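S.K.: One file: protein.txt (compact mmCIF, C-alpha atoms and all ligand atoms).
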# COMPACT_ATOMS: atom_id res chain seq x y z
CA MET C 1 -65.71 91.68 68.94
CA SER C 2 -68.89 91.67 71.05
CA ALA C 3 -70.12 95.20 71.80
CA LYS C 4 -70.19 94.57 75.51
CA ILE C 5 -66.68 93.15 75.61
CA ALA C 6 -65.41 96.12 73.60
CA GLN C 7 -66.94 98.32 76.28
CA VAL C 8 -65.54 96.41 79.27
CA LYS C 9 -62.15 96.23 77.58
CA ALA C 10 -61.85 99.96 78.07
CA ASN C 11 -62.09 99.41 81.86
CA ASN C 12 -59.91 96.30 81.70
CA HIS C 13 -62.45 94.19 83.53
CA ALA C 14 -65.71 92.38 82.85
CA HIS C 15 -68.46 91.04 85.07
CA HIS C 16 -67.88 87.31 85.21
CA LEU C 17 -70.44 84.89 86.58
CA ILE C 18 -69.48 81.40 87.66
CA PHE C 19 -72.58 79.28 87.17
CA GLY C 20 -72.39 75.93 88.99
CA THR C 21 -69.78 76.88 91.55
CA GLY C 22 -68.03 73.67 92.54
CA LEU C 23 -64.39 72.60 92.48
CA ILE C 24 -63.49 74.07 89.08
CA GLY C 25 -65.82 77.06 89.42
CA SER C 26 -64.47 78.09 92.84
CA TYR C 27 -60.86 77.86 91.67
CA LEU C 28 -61.55 79.63 88.38
CA GLY C 29 -63.58 82.38 90.10
CA GLY C 30 -60.83 82.88 92.66
CA ALA C 31 -58.23 83.15 89.91
CA LEU C 32 -60.41 85.73 88.13
CA ILE C 33 -60.69 87.82 91.31
CA ARG C 34 -56.92 87.54 91.63
CA ALA C 35 -56.69 88.89 88.05
CA GLN C 36 -58.67 91.98 89.17
CA GLN C 37 -61.92 90.88 87.49
CA ARG C 38 -65.39 91.36 88.95
CA VAL C 39 -66.82 87.95 89.79
CA SER C 40 -70.17 86.63 91.04
CA PHE C 41 -70.93 83.02 91.85
CA VAL C 42 -74.11 80.95 91.58
CA GLY C 43 -74.21 77.51 93.10
CA ARG C 44 -75.21 75.26 95.95
CA LYS C 45 -74.98 76.27 99.61
CA HIS C 46 -72.00 74.03 100.38
CA PHE C 47 -69.76 75.98 97.95
CA ILE C 48 -71.40 79.43 98.14
CA SER C 49 -70.85 79.49 101.90
CA GLN C 50 -67.13 78.88 101.31
CA ILE C 51 -66.49 81.53 98.65
CA SER C 52 -68.78 84.40 99.70
CA ALA C 53 -66.32 85.72 102.29
CA ARG C 54 -62.57 85.10 102.44
CA PHE C 55 -61.23 82.00 100.72
CA THR C 56 -57.89 80.64 99.58
CA LEU C 57 -56.38 79.26 96.39
CA SER C 58 -53.28 77.09 96.56
CA ASP C 59 -51.41 75.00 94.03
CA TYR C 60 -49.04 72.06 93.61
CA SER C 61 -46.00 74.32 93.29
CA GLY C 62 -46.58 76.16 96.59
CA ASN C 63 -48.37 79.29 95.30
CA ARG C 64 -51.07 80.49 97.65
CA CYS C 65 -53.34 83.53 97.68
CA GLU C 66 -56.09 84.83 99.93
CA LEU C 67 -59.18 86.29 98.27
CA ASP C 68 -62.27 88.23 99.20
CA GLY C 69 -65.46 86.84 97.65
CA GLN C 70 -67.08 90.22 98.48
CA GLY C 71 -70.44 88.62 99.26
CA GLN C 72 -70.98 87.91 95.56
CA GLY C 73 -72.18 84.33 96.07
CA PHE C 74 -75.82 83.56 95.25
CA LEU C 75 -78.13 80.58 95.54
CA LEU C 76 -80.62 79.77 92.77
CA ASP C 77 -83.48 81.56 94.54
CA GLU C 78 -81.42 84.78 94.64
CA LEU C 79 -80.79 85.11 90.89
CA ALA C 80 -82.75 88.39 90.72
CA LYS C 81 -79.88 90.01 92.68
CA VAL C 82 -77.24 89.15 90.04
CA GLU C 83 -76.30 92.11 87.82
CA ALA C 84 -75.85 91.97 84.02
CA VAL C 85 -73.32 89.31 83.10
CA ASP C 86 -70.65 89.77 80.40
CA ILE C 87 -69.11 86.33 80.63
CA LEU C 88 -70.86 83.30 82.10
CA TRP C 89 -68.53 80.43 82.95
CA LEU C 90 -70.65 77.29 82.99
CA CYS C 91 -68.95 74.94 85.45
CA VAL C 92 -71.59 72.26 86.13
CA LYS C 93 -70.97 68.61 85.32
CA CYS C 94 -72.04 67.30 81.87
CA THR C 95 -74.91 65.50 83.61
CA ALA C 96 -76.38 68.87 84.76
CA LEU C 97 -76.20 70.81 81.49
CA GLU C 98 -79.88 70.56 80.54
CA SER C 99 -81.17 71.73 83.91
CA ALA C 100 -78.47 74.42 84.15
CA ALA C 101 -79.55 75.79 80.75
CA ALA C 102 -83.06 76.31 82.16
CA ASP C 103 -81.86 77.77 85.47
CA MET C 104 -79.41 80.27 83.95
CA ARG C 105 -81.86 81.63 81.38
CA GLU C 106 -82.77 84.78 83.29
CA LEU C 107 -79.07 85.70 83.69
CA VAL C 108 -78.15 85.53 80.01
CA THR C 109 -78.62 88.70 77.98
CA LYS C 110 -77.99 88.99 74.23
CA ASN C 111 -74.43 90.19 74.95
CA THR C 112 -73.46 87.43 77.37
CA ILE C 113 -70.67 85.15 76.22
CA ILE C 114 -71.10 81.63 77.61
CA ILE C 115 -67.98 79.55 78.23
CA CYS C 116 -68.54 75.80 78.74
CA CYS C 117 -65.89 74.21 80.99
CA GLN C 118 -66.97 70.56 80.87
CA ASN C 119 -64.87 67.49 80.15
CA GLY C 120 -66.06 65.39 77.20
CA VAL C 121 -66.39 66.18 73.50
CA GLY C 122 -69.10 68.41 72.06
CA THR C 123 -71.23 68.62 75.21
CA HIS C 124 -71.49 72.39 74.64
CA HIS C 125 -74.03 71.72 71.85
CA VAL C 126 -76.72 71.48 74.55
CA ILE C 127 -75.99 75.11 75.44
CA GLU C 128 -75.64 76.24 71.82
CA ASN C 129 -79.10 74.84 71.16
CA ALA C 130 -80.55 76.47 74.27
CA PHE C 131 -78.96 79.88 73.51
CA PRO C 132 -78.80 80.10 69.70
CA HIS C 133 -78.27 83.89 69.73
CA ASN C 134 -75.31 83.94 72.13
CA HIS C 135 -71.65 83.25 71.57
CA VAL C 136 -70.96 79.85 73.17
CA ILE C 137 -67.33 78.79 73.40
CA ARG C 138 -65.44 76.01 75.14
CA ALA C 139 -62.72 75.94 77.76
CA MET C 140 -60.52 72.93 78.52
CA VAL C 141 -59.42 72.42 82.13
CA PRO C 142 -56.37 70.18 82.29
CA PHE C 143 -55.76 70.29 86.03
CA ASN C 144 -57.27 68.74 89.12
CA VAL C 145 -58.87 70.75 91.95
CA VAL C 146 -59.62 69.51 95.47
CA ASN C 147 -61.36 71.11 98.47
CA ASP C 148 -60.01 69.02 101.36
CA GLU C 149 -59.92 71.96 103.76
CA PRO C 150 -62.94 74.28 104.16
CA GLY C 151 -62.41 77.51 102.19
CA VAL C 152 -59.29 76.21 100.41
CA PHE C 153 -59.30 75.22 96.72
CA HIS C 154 -56.15 73.44 95.70
CA ARG C 155 -54.90 72.85 92.16
CA GLY C 156 -53.06 69.55 92.35
CA THR C 157 -51.60 69.32 88.85
CA GLU C 158 -50.01 71.53 86.22
CA GLY C 159 -51.33 72.73 82.84
CA SER C 160 -52.86 75.83 81.27
CA MET C 161 -56.56 76.34 80.92
CA ILE C 162 -57.31 76.63 77.20
CA LEU C 163 -59.94 78.97 75.76
CA GLU C 164 -61.49 78.38 72.34
CA VAL C 165 -60.97 81.12 69.80
CA SER C 166 -63.86 81.36 67.40
CA PRO C 167 -63.53 83.63 64.34
CA ALA C 168 -66.27 85.94 65.66
CA LEU C 169 -64.56 86.36 69.03
CA ASN C 170 -60.92 86.34 68.00
CA ASP C 171 -59.89 89.64 69.67
CA SER C 172 -62.15 89.26 72.69
CA ILE C 173 -60.81 85.84 73.64
CA LYS C 174 -57.20 86.86 73.15
CA TRP C 175 -57.85 89.89 75.35
CA LEU C 176 -59.61 87.72 77.94
CA SER C 177 -56.79 85.18 78.09
CA ARG C 178 -54.26 87.97 78.65
CA GLN C 179 -56.40 89.47 81.42
CA MET C 180 -56.82 86.14 83.19
CA ASN C 181 -53.33 84.78 82.94
CA THR C 182 -51.68 84.72 86.39
CA GLU C 183 -49.40 82.28 88.20
CA MET C 184 -52.50 80.80 89.89
CA LEU C 185 -54.14 80.11 86.52
CA PRO C 186 -52.05 79.94 83.35
CA VAL C 187 -54.32 80.48 80.33
CA ASP C 188 -53.78 79.77 76.64
CA ILE C 189 -55.96 79.71 73.51
CA SER C 190 -56.79 77.16 70.82
CA TYR C 191 -58.26 77.30 67.32
CA HIS C 192 -58.78 73.49 67.31
CA MET C 193 -60.98 72.86 70.29
CA THR C 194 -62.63 69.63 69.14
CA ASP C 195 -59.22 68.02 68.60
CA LEU C 196 -58.15 69.31 72.00
CA GLN C 197 -61.26 67.87 73.64
CA TRP C 198 -60.50 64.44 72.15
CA ALA C 199 -56.94 64.72 73.49
CA LYS C 200 -58.28 65.57 76.95
CA LEU C 201 -60.86 62.78 76.70
CA GLN C 202 -58.01 60.34 76.20
CA LEU C 203 -56.54 61.37 79.56
CA ASN C 204 -59.95 61.16 81.24
CA LEU C 205 -60.47 57.52 80.23
CA GLY C 206 -58.54 56.51 83.36
CA ASN C 207 -61.06 58.34 85.61
CA ALA C 208 -63.31 55.26 85.73
CA VAL C 209 -60.37 53.01 86.67
CA ASN C 210 -59.41 55.50 89.37
CA ALA C 211 -62.96 55.52 90.76
CA LEU C 212 -63.26 51.71 90.87
CA ALA C 213 -59.70 51.05 92.05
CA ASP C 214 -60.47 53.55 94.82
CA ILE C 215 -56.92 54.87 95.13
CA PRO C 216 -55.17 58.18 94.30
CA VAL C 217 -54.12 58.81 90.67
CA LYS C 218 -50.43 58.52 91.53
CA ALA C 219 -50.86 55.10 93.18
CA MET C 220 -52.99 53.98 90.22
CA LEU C 221 -50.27 54.97 87.73
CA GLU C 222 -47.67 53.17 89.81
CA THR C 223 -49.65 49.92 89.47
CA ARG C 224 -48.83 48.06 86.27
CA GLU C 225 -52.19 46.28 85.91
CA TYR C 226 -54.09 49.57 86.01
CA ARG C 227 -51.66 51.23 83.58
CA PHE C 228 -52.06 48.35 81.10
CA PHE C 229 -55.81 48.61 81.21
CA ILE C 230 -55.79 52.40 80.80
CA ALA C 231 -53.51 51.90 77.78
CA ARG C 232 -56.15 49.56 76.35
CA LEU C 233 -58.89 52.16 76.90
CA MET C 234 -56.73 54.80 75.23
CA ASN C 235 -55.87 52.61 72.25
CA GLU C 236 -59.57 52.23 71.53
CA LEU C 237 -59.91 56.03 71.50
CA LEU C 238 -56.82 56.41 69.30
CA LYS C 239 -58.33 54.07 66.69
CA VAL C 240 -61.51 56.15 66.70
CA THR C 241 -59.66 59.46 66.32
CA GLU C 242 -57.35 58.01 63.65
CA LYS C 243 -60.34 56.87 61.61
CA GLN C 244 -61.75 60.40 61.83
CA LYS C 245 -58.35 61.83 60.85
CA ILE C 246 -58.25 63.88 64.05
CA LYS C 247 -54.77 65.12 64.86
CA LEU C 248 -54.53 65.09 68.65
CA PRO C 249 -52.64 68.06 70.07
CA LYS C 250 -50.06 67.25 72.74
CA ILE C 251 -51.51 68.17 76.15
CA ALA C 252 -49.40 66.02 78.45
CA ASN C 253 -45.62 65.83 78.53
CA LEU C 254 -45.67 63.20 75.78
CA PRO C 255 -47.47 63.10 72.43
CA ASN C 256 -50.90 61.50 73.03
CA THR C 257 -50.21 58.62 70.65
CA TRP C 258 -47.14 57.58 72.66
CA ILE C 259 -48.90 57.49 76.03
CA PRO C 260 -50.30 53.91 75.78
CA SER C 261 -46.85 52.49 74.97
CA VAL C 262 -45.31 54.39 77.88
CA LEU C 263 -48.06 53.16 80.21
CA LYS C 264 -47.20 49.59 79.22
CA LEU C 265 -43.57 49.89 80.32
CA PRO C 266 -42.49 47.82 83.34
CA ASN C 267 -42.69 49.72 86.67
CA LEU C 268 -39.05 50.77 86.95
CA LEU C 269 -38.77 52.01 83.38
CA PHE C 270 -42.16 53.72 83.60
CA LYS C 271 -41.05 55.64 86.70
CA LEU C 272 -37.98 56.87 84.81
CA VAL C 273 -39.70 57.79 81.53
CA ALA C 274 -42.89 59.20 83.05
CA LYS C 275 -41.30 61.18 85.86
CA LYS C 276 -43.36 64.25 85.01
CA MET C 277 -46.59 62.23 84.70
CA LEU C 278 -46.03 61.07 88.28
CA ALA C 279 -45.20 64.55 89.61
CA ILE C 280 -48.70 64.98 91.05
CA ASP C 281 -50.06 65.37 94.55
CA PRO C 282 -50.01 61.88 96.10
CA GLN C 283 -53.62 62.35 97.24
CA ALA C 284 -55.08 63.71 93.95
CA LYS C 285 -58.14 61.78 92.73
CA THR C 286 -60.19 62.27 89.59
CA SER C 287 -63.59 63.97 89.42
CA MET C 288 -65.21 60.55 88.82
CA TRP C 289 -63.72 59.20 92.04
CA TRP C 290 -65.32 62.13 93.90
CA ASP C 291 -68.68 61.60 92.19
CA LEU C 292 -68.82 57.89 93.07
CA HIS C 293 -67.58 58.61 96.58
CA ASN C 294 -70.37 61.18 97.04
CA GLN C 295 -72.93 58.81 95.46
CA ARG C 296 -73.55 61.19 92.56
CA THR C 297 -74.23 60.22 88.94
CA THR C 298 -70.86 60.27 87.18
CA GLU C 299 -69.94 61.63 83.73
CA ILE C 300 -69.18 58.10 82.45
CA ASP C 301 -71.63 58.37 79.52
CA PHE C 302 -69.81 61.49 78.30
CA ILE C 303 -66.30 60.07 78.75
CA ASN C 304 -65.82 56.33 78.09
CA GLY C 305 -69.39 56.35 76.70
CA LYS C 306 -68.32 58.89 74.06
CA VAL C 307 -65.64 56.49 72.75
CA VAL C 308 -68.22 53.68 72.61
CA SER C 309 -70.84 55.74 70.73
CA GLN C 310 -68.30 57.23 68.32
CA ALA C 311 -66.85 53.77 67.63
CA LYS C 312 -70.36 52.50 66.83
CA LYS C 313 -70.95 55.39 64.42
CA LEU C 314 -67.74 54.43 62.63
CA ASP C 315 -68.65 50.73 62.53
CA MET C 316 -65.96 49.91 65.05
CA THR C 317 -66.03 48.51 68.60
CA ALA C 318 -64.59 49.70 71.91
CA PRO C 319 -65.12 46.71 74.25
CA ALA C 320 -62.91 47.88 77.12
CA ASN C 321 -64.61 51.27 77.27
CA GLU C 322 -68.00 49.57 76.98
CA TRP C 323 -67.11 47.36 79.94
CA MET C 324 -66.06 50.41 81.99
CA VAL C 325 -69.38 52.11 81.22
CA SER C 326 -71.28 49.05 82.45
CA LEU C 327 -69.18 48.72 85.64
CA ILE C 328 -69.68 52.38 86.54
CA HIS C 329 -73.43 52.12 85.83
CA GLN C 330 -73.50 49.13 88.18
CA ALA C 331 -71.57 51.06 90.82
CA GLN C 332 -74.05 53.94 90.54
CA SER C 333 -76.91 51.54 91.18
CA SER C 334 -75.12 50.33 94.35
CA LYS C 335 -73.92 47.02 92.86
CA ARG C 336 -70.38 48.30 93.11
CA LEU C 337 -67.43 45.90 92.93
CA THR C 338 -64.94 46.23 95.79
CA ALA C 339 -61.49 47.47 94.74
CA LYS C 340 -60.20 43.89 95.09
CA GLU C 341 -63.01 42.43 92.96
CA PHE C 342 -62.40 45.13 90.35
CA LYS C 343 -58.70 44.30 90.08
CA ALA C 344 -59.49 40.58 89.69
CA ALA C 345 -62.16 41.33 87.05
CA LEU C 346 -59.73 43.56 85.20
CA LEU C 347 -57.07 40.83 85.07
CA GLN C 348 -59.67 38.39 83.77
CA PHE C 349 -60.76 40.90 81.11
CA GLU C 350 -57.14 41.28 80.01
CA GLN C 351 -56.73 37.49 79.77
CA GLU C 352 -59.92 37.01 77.78
CA ASN C 353 -59.22 39.90 75.42
CA ASN C 354 -55.52 39.46 74.82
CA THR C 355 -54.87 39.60 71.12
N1 LIG C 401 -62.82 68.44 89.53
C1 LIG C 401 -61.76 68.44 88.74
O1 LIG C 401 -60.62 68.34 89.24
C2 LIG C 401 -61.91 68.56 87.26
C3 LIG C 401 -63.16 68.68 86.67
N2 LIG C 401 -63.25 68.88 85.31
C4 LIG C 401 -64.55 69.01 84.66
O2 LIG C 401 -65.12 70.27 85.01
C5 LIG C 401 -66.55 70.19 85.08
C6 LIG C 401 -66.98 70.66 86.48
O3 LIG C 401 -66.48 69.74 87.43
P1 LIG C 401 -66.40 70.01 89.00
O4 LIG C 401 -66.07 71.42 89.29
O5 LIG C 401 -65.56 68.94 89.55
O6 LIG C 401 -67.93 69.76 89.41
P2 LIG C 401 -68.61 69.98 90.84
O7 LIG C 401 -69.65 68.92 90.97
O8 LIG C 401 -67.57 70.12 91.91
O9 LIG C 401 -69.30 71.40 90.68
C7 LIG C 401 -70.47 71.67 89.98
C8 LIG C 401 -71.44 72.33 90.96
O10 LIG C 401 -72.51 72.88 90.22
C9 LIG C 401 -73.71 72.61 90.94
N3 LIG C 401 -74.86 72.72 90.04
C10 LIG C 401 -75.35 71.80 89.16
N4 LIG C 401 -76.42 72.29 88.51
C11 LIG C 401 -76.63 73.53 89.01
C12 LIG C 401 -77.60 74.53 88.76
N5 LIG C 401 -78.58 74.35 87.85
N6 LIG C 401 -77.51 75.69 89.45
C13 LIG C 401 -76.54 75.89 90.36
N7 LIG C 401 -75.58 74.96 90.66
C14 LIG C 401 -75.64 73.81 89.99
C15 LIG C 401 -73.48 71.21 91.45
O11 LIG C 401 -74.42 70.89 92.45
P3 LIG C 401 -75.00 69.36 92.55
O12 LIG C 401 -73.86 68.55 93.02
O13 LIG C 401 -76.11 69.50 93.54
O14 LIG C 401 -75.46 68.98 91.18
C16 LIG C 401 -72.05 71.34 91.96
O15 LIG C 401 -72.02 71.87 93.27
C17 LIG C 401 -66.89 68.71 84.82
O16 LIG C 401 -67.26 68.52 83.48
C18 LIG C 401 -65.58 67.98 85.12
O17 LIG C 401 -65.43 66.78 84.38
C19 LIG C 401 -62.14 69.01 84.52
C20 LIG C 401 -60.89 68.90 85.06
C21 LIG C 401 -60.67 68.61 86.45
C1 LIG C 402 -57.53 66.60 85.65
C2 LIG C 402 -58.15 65.25 85.39
C3 LIG C 402 -57.57 64.64 84.14
C4 LIG C 402 -57.76 64.26 86.41
O1 LIG C 402 -57.97 64.69 87.69
C5 LIG C 402 -59.63 65.46 85.21
O2 LIG C 402 -60.01 65.99 84.21
C6 LIG C 402 -60.69 64.97 86.12
O3 LIG C 402 -60.43 64.66 87.29
O4 LIG C 402 -61.83 64.88 85.66
Translate the structure described by the file into structure tokens.
M.R.:
Amino acid sequence: MSAKIAQVKANNHAHHLIFGTGLIGSYLGGALIRAQQRVSFVGRKHFISQISARFTLSDYSGNRCELDGQGQGFLLDELAKVEAVDILWLCVKCTALESAAADMRELVTKNTIIICCQNGVGTHHVIENAFPHNHVIRAMVPFNVVNDEPGVFHRGTEGSMILEVSPALNDSIKWLSRQMNTEMLPVDISYHMTDLQWAKLQLNLGNAVNALADIPVKAMLETREYRFFIARLMNELLKVTEKQKIKLPKIANLPNTWIPSVLKLPNLLFKLVAKKMLAIDPQAKTSMWWDLHNQRTTEIDFINGKVVSQAKKLDMTAPANEWMVSLIHQAQSSKRLTAKEFKAALLQFEQENNT
């Protein structure tokens, strides 16, 4: 157990820092405050101004709590004011990891545990390389967070946040997960984080479809053409993980390997079988939708791009994922297909690649 954690354990709370306070960071930080932890936030003005005073967490099942940010929100030029950090939750996008590693350097002491909350597989290596003397672990966030109302962070879907247990931090992480676990943020642990990240990556492959189709996740899943294509994207990932002998843990309501077949069911049958999959906020959209909408660089290279690069390494191909990567790159450079053009292109792709 880290010396510092052993010490804070005695007081039952640690000093947590959310670095890269955005949708996930604001929700996570709020849930930590709710769990009686001491929390500071570093981020951009748009979010810091929302969480520095009173703010609200709400969730899909009607839970709601009001929190006091206690003025612990800081911008990058105020880092000198942040006190020693026990646990740094790194909540930036994969695309910002390199620059975040440089910016957070003065906040990380030899005792700081860094927890990487990104989607994707193995993106935490950037941070391991930048901080070789710190414990760097991973967290998997299965749920969706939106900020449609100022000062309100809403969790739109179910699922427990999973913390990686490394042999060196076994007791500390178990302790941490117990401390954090509340109805606003269920927390669990995993000894098989890489497998878990591949399982989550499978679910994220539909993010690009969601962004280009420009509709909520629920409406996307109710549309057969989109479901078929997402099944195709997932099957490419499943071939890659099978070849690597990765056993995907179940993170949705169905085993991961069954999901493509269920997605390919006709509408009526799908609605019956996948009732739980469709039990999501009708307005929920994926993080890639938000990035494209806000004209930001998306995480496409770390999501569908990861399937493509891993397939190449294994002497395999992943044409549907490769196509998605190129369409999102185009969209980022303002040559974006309209939703109608995307649907037509997708049907043509299906016709040309039907085996
Ligand atoms: N949103 C969601 O529902 C889900 C997201 N995830 C994953 O969680 C991770 C975080 O996503 P999300 O919360 O949506 O991301 P956001 O973009 O909402 O939040 C990240 C914030 O960090 C800021 N930031 C970036 N670099 C720095 C820096 N060096 N210093 C301070 N602030 C910085 C960003 O600013 P700027 O925009 O200026 O770069 C942004 O405001 C991603 O990997 C995502 O895939 C997983 C599950 C669901
Ligand atoms: C929760 C989920 C799968 C979809 O919203 C996500 O990870 C994302 O939006 O990036």
S.K.: Would you kindly return, as a VMD selection string, each protein, DNA or RNA residue with an atom no farther than 7 Å from any atom of range 150-166 of chain C, considering only C-alpha atoms and excluding same-chain residues fewer than 5 positions away?
M.R.: chain C and resid 27 50 to 51 55 to 60 137 to 145 173 185 to 191 193 280 to 281 284
S.K.: If you measure from CA of Met288 in chain C to CA of Val273 in chain C, what distance in Å do you get, rounded to one decimal?
M.R.: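 That distance, rounded to one decimal, is 26.7 Å.
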S.K.: Check the smallest atom-to-atom distance from each of C:Ile230, C:Leu237, C:Val217, C:Val85 to ligand LIG 401 (chain C) using only C-alpha atoms and all ligand atoms, then report the winner.
M.R.: C:Val217
S.K.: I'd like the neighbourhood of Ala213 in chain C as a list in words, where a residue qualifies if any of its atoms comes within 8 Å (using all atoms listed in the file), though same-chain residues fewer than 3 positions away should be ignored.
M.R.: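 Listed by chain and then number, they are Val209, Asn210, Met220, Ala339, Lys340, Phe342 and Lys343 of chain C.
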S.K.: Would you mind exporting the chosen residues as a PDB file, in the frame of the given file, restricted to C-alpha atoms?
M.R.:
ATOM      1  CA  VAL C 209     -60.370  53.010  86.670  1.00  0.00           C
ATOM      2  CA  ASN C 210     -59.410  55.500  89.370  1.00  0.00           C
ATOM      3  CA  MET C 220     -52.990  53.980  90.220  1.00  0.00           C
ATOM      4  CA  ALA C 339     -61.490  47.470  94.740  1.00  0.00           C
ATOM      5  CA  LYS C 340     -60.200  43.890  95.090  1.00  0.00           C
ATOM      6  CA  PHE C 342     -62.400  45.130  90.350  1.00  0.00           C
ATOM      7  CA  LYS C 343     -58.700  44.300  90.080  1.00  0.00           C
TER       8      LYS C 343
END
S.K.: Would you mind telling me which residue in C:His124, C:Lys110, C:His13, C:His329 lies nearest to ligand LIG 401 (chain C) when using all atoms listed in the file?
M.R.: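 Closest to ligand LIG 401 (chain C) of all the choices is C:His124.
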S.K.: Which residues, written as a VMD selection string, have at least one atom at most 12 Å from range 254-269 of chain C, with all atoms listed in the file counted and residues fewer than 5 positions away on the same chain left out?
M.R.: chain C and resid 195 to 196 198 to 203 205 to 206 219 to 239 241 to 242 246 to 249 274 to 278
S.K.: Restricting the output to C-alpha atoms, write the selected residues as a compact mmCIF listing (two decimals), keeping the file's coordinate frame.
M.R.:
# COMPACT_ATOMS: atom_id res chain seq x y z
CA ASP C 195 -59.22 68.02 68.60
CA LEU C 196 -58.15 69.31 72.00
CA TRP C 198 -60.50 64.44 72.15
CA ALA C 199 -56.94 64.72 73.49
CA LYS C 200 -58.28 65.57 76.95
CA LEU C 201 -60.86 62.78 76.70
CA GLN C 202 -58.01 60.34 76.20
CA LEU C 203 -56.54 61.37 79.56
CA LEU C 205 -60.47 57.52 80.23
CA GLY C 206 -58.54 56.51 83.36
CA ALA C 219 -50.86 55.10 93.18
CA MET C 220 -52.99 53.98 90.22
CA LEU C 221 -50.27 54.97 87.73
CA GLU C 222 -47.67 53.17 89.81
CA THR C 223 -49.65 49.92 89.47
CA ARG C 224 -48.83 48.06 86.27
CA GLU C 225 -52.19 46.28 85.91
CA TYR C 226 -54.09 49.57 86.01
CA ARG C 227 -51.66 51.23 83.58
CA PHE C 228 -52.06 48.35 81.10
CA PHE C 229 -55.81 48.61 81.21
CA ILE C 230 -55.79 52.40 80.80
CA ALA C 231 -53.51 51.90 77.78
CA ARG C 232 -56.15 49.56 76.35
CA LEU C 233 -58.89 52.16 76.90
CA MET C 234 -56.73 54.80 75.23
CA ASN C 235 -55.87 52.61 72.25
CA GLU C 236 -59.57 52.23 71.53
CA LEU C 237 -59.91 56.03 71.50
CA LEU C 238 -56.82 56.41 69.30
CA LYS C 239 -58.33 54.07 66.69
CA THR C 241 -59.66 59.46 66.32
CA GLU C 242 -57.35 58.01 63.65
CA ILE C 246 -58.25 63.88 64.05
CA LYS C 247 -54.77 65.12 64.86
CA LEU C 248 -54.53 65.09 68.65
CA PRO C 249 -52.64 68.06 70.07
CA ALA C 274 -42.89 59.20 83.05
CA LYS C 275 -41.30 61.18 85.86
CA LYS C 276 -43.36 64.25 85.01
CA MET C 277 -46.59 62.23 84.70
CA LEU C 278 -46.03 61.07 88.28
S.K.: In terms of the shortest atom-to-atom distance over only C-alpha atoms and all ligand atoms, which of C:Asn354, C:Thr298, C:Ser309, C:Ser326 is closest to ligand LIG 402 (chain C)?
M.R.: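 Comparing C:Asn354, C:Thr298, C:Ser309, C:Ser326 against ligand LIG 402 (chain C), the winner is C:Thr298.
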S.K.: With all atoms listed in the file as the basis for distance, which of C:Asn353, C:Ser99, C:Ser49, C:Gln295 is at the shortest distance from Ala211 in chain C?
M.R.: C:Gln295
S.K.: Would you list the residues that come within 7 Å of ligand LIG 401 (chain C)? Count all atoms listed in the file and give the answer as a PyMOL selection string.
M.R.: chain C and resi 19-25+42-44+47+76+91-94+96+99-100+103+117-119+141-146+286-287+299
S.K.: Between C:Trp89, C:Phe131, C:Trp289, C:Phe270, which is the closest to ligand LIG 402 (chain C) once you count only C-alpha atoms and all ligand atoms?
M.R.: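 Selected residue with least distance to ligand LIG 402 (chain C): C:Trp289.
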S.K.: What would the list of residues within 7 Å of (-74.1, 84.7, 80.5) (file frame) look like as a list in words, if all atoms listed in the file are what count?
M.R.: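 Residues close enough to count: Val85, Asp86, Ile87, Leu88, Leu107, Val108, Thr109, Thr112, Ile113 and Ile114 of chain C.
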S.K.: One decimal, in Å: what's the spacing between CA of Gln179 in chain C and CA of Gln72 in chain C?
M.R.: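 Taking CA of Gln179 in chain C as the start and CA of Gln72 in chain C as the end point, the length is 20.4 Å.
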S.K.: Given all atoms listed in the file as the basis, pick out the residue of C:Gln244, C:Lys218, C:Gly305, C:Lys313 nearest to ligand LIG 402 (chain C).
M.R.: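 Closest to ligand LIG 402 (chain C), using all atoms listed in the file: C:Lys218.
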S.K.: Between CA of Arg296 in chain C and CA of Gln330 in chain C, measure the distance and give it in Å to one decimal.
M.R.: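 Straight-line distance from CA of Arg296 in chain C to CA of Gln330 in chain C works out to 12.8 Å.
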S.K.: With all atoms of range 25-33 of chain C from the file as input, state the centre and edge lengths in Å to one decimal of the axis-aligned box that has 4 Å extra on each side, as AutoDock Vina command-line options.
M.R.:
--center_x -62.0 --center_y 82.4 --center_z 90.5 --size_x 15.6 --size_y 18.8 --size_z 12.7
S.K.: Quick one: residues within 8 Å of Leu314 in chain C, only C-alpha atoms, excluding same-chain residues fewer than 3 positions away - as a ChimeraX atom specification?
M.R.: /C:240,243,310-311
S.K.: Keeping only C-alpha atoms, write those residues as a PDB file, keeping the file's coordinate frame.
M.R.:
ATOM      1  CA  VAL C 240     -61.510  56.150  66.700  1.00  0.00           C
ATOM      2  CA  LYS C 243     -60.340  56.870  61.610  1.00  0.00           C
ATOM      3  CA  GLN C 310     -68.300  57.230  68.320  1.00  0.00           C
ATOM      4  CA  ALA C 311     -66.850  53.770  67.630  1.00  0.00           C
TER       5      ALA C 311
END
